[in-house]
$ cat my_file02.txt   # compact mmCIF, C-alpha atoms
# COMPACT_ATOMS: atom_id res chain seq x y z
CA MET F 18 10.27 223.84 130.62
CA SER F 19 13.56 222.69 129.14
CA GLN F 20 16.81 222.45 131.07
CA GLN F 21 18.19 225.34 128.99
CA ASP F 22 15.18 227.51 129.89
CA ILE F 23 15.65 226.76 133.59
CA ILE F 24 19.32 227.72 133.41
CA ARG F 25 18.51 230.85 131.45
CA ALA F 26 15.80 231.83 133.94
CA TRP F 27 18.30 231.73 136.79
CA LYS F 28 20.99 233.61 134.85
CA ASP F 29 18.89 236.16 132.91
CA GLU F 30 16.71 238.36 135.10
CA ASP F 31 14.85 239.87 132.12
CA PHE F 32 13.98 236.39 130.85
CA ARG F 33 12.88 235.29 134.34
CA ASN F 34 10.66 238.37 134.67
CA SER F 35 9.01 237.55 131.33
CA LEU F 36 7.85 234.11 132.53
CA THR F 37 4.26 233.39 133.54
CA GLU F 38 3.32 232.28 137.05
CA GLU F 39 2.90 228.73 135.79
CA GLN F 40 6.39 228.73 134.24
CA LEU F 41 7.88 230.21 137.41
CA SER F 42 6.29 227.43 139.44
CA HIS F 43 8.37 224.90 137.45
CA LEU F 44 11.67 226.52 138.42
CA PRO F 45 13.57 224.85 141.26
CA LYS F 46 13.56 226.87 144.49
CA ASN F 47 17.33 227.07 144.36
CA PRO F 48 19.55 227.02 141.25
CA ALA F 49 22.07 224.82 143.07
CA GLY F 50 19.50 222.09 143.61
CA ILE F 51 18.65 220.33 146.86
CA LEU F 52 20.19 222.02 149.87
CA GLU F 53 19.47 219.40 152.52
CA LEU F 54 20.76 215.85 152.63
CA GLU F 55 19.37 212.97 154.66
CA ASP F 56 21.56 211.28 157.29
CA GLU F 57 22.10 208.25 155.04
CA GLU F 58 23.26 210.51 152.21
CA MET F 59 25.66 212.32 154.54
CA LYS F 60 27.28 209.00 155.49
CA ASN F 61 28.20 208.40 151.86
CA ILE F 62 29.98 211.72 151.35
CA SER F 63 33.68 211.25 150.80
CA GLY F 64 35.71 213.22 153.32
CA GLY F 65 32.64 213.87 155.46
CA ALA F 66 34.10 212.23 158.55
CA VAL F 67 37.08 213.23 160.65
CA SER F 68 39.50 210.42 161.35
CA THR F 69 42.01 210.19 164.16
CA SER F 70 44.80 210.62 161.61
CA ASP F 71 43.26 213.96 160.58
CA ILE F 72 43.29 215.11 164.19
CA TYR F 73 46.89 213.93 164.64
CA CYS F 74 48.01 215.76 161.49
CA TRP F 75 46.32 218.96 162.63
CA TYR F 76 47.82 218.63 166.12
CA TRP F 77 51.30 217.96 164.73
CA SER F 78 51.20 220.85 162.24
CA TYR F 79 49.74 223.28 164.79
CA PHE F 80 52.09 222.59 167.68
CA THR F 81 55.31 222.11 165.72
CA ARG F 82 55.36 225.52 164.11
$ encode --input "my_file02.txt" --output "structure tokens"
Amino acid sequence: MSQQDIIRAWKDEDFRNSLTEEQLSHLPKNPAGILELEDEEMKNISGGAVSTSDIYCWYWSYFTR
């Protein structure tokens, strides 16, 4: 199944309903891709950690209103 067919299957319900069971088995379970990341992958996400400067900025903006 081509990439275009996979995209079309997720966007076009009539097309998806016309697919065989074998073709449906080749579709990813979620159109967005993998939903879970391993711990090592999470460590490499930019902006995934809170730094002390983030906490200070939040504190300053919250209490100086």
$ atom_distance --input "my_file02.txt" --atom1 "CA of Leu54 (chain F)" --atom2 "CA of Ile23 (chain F)"
22.5 Å
$ residues_around --input "my_file02.txt" --residues "Gln40 (chain F)" --least-positions-apart "5" --cutoff "12 Å" --atoms "all atoms listed in the file" --output "list in words"
Met18, Ser19, Asp22, Ile23, Ala26, Phe32, Arg33, Asn34, Ser35 and Pro45 of chain F
$ atom_distance --input "my_file02.txt" --atom1 "CA of Ile24 (chain F)" --atom2 "CA of Pro48 (chain F)"
7.9 Å
$ atom_distance --input "my_file02.txt" --atom1 "CA of Asn47 (chain F)" --atom2 "CA of Trp27 (chain F)"
8.9 Å
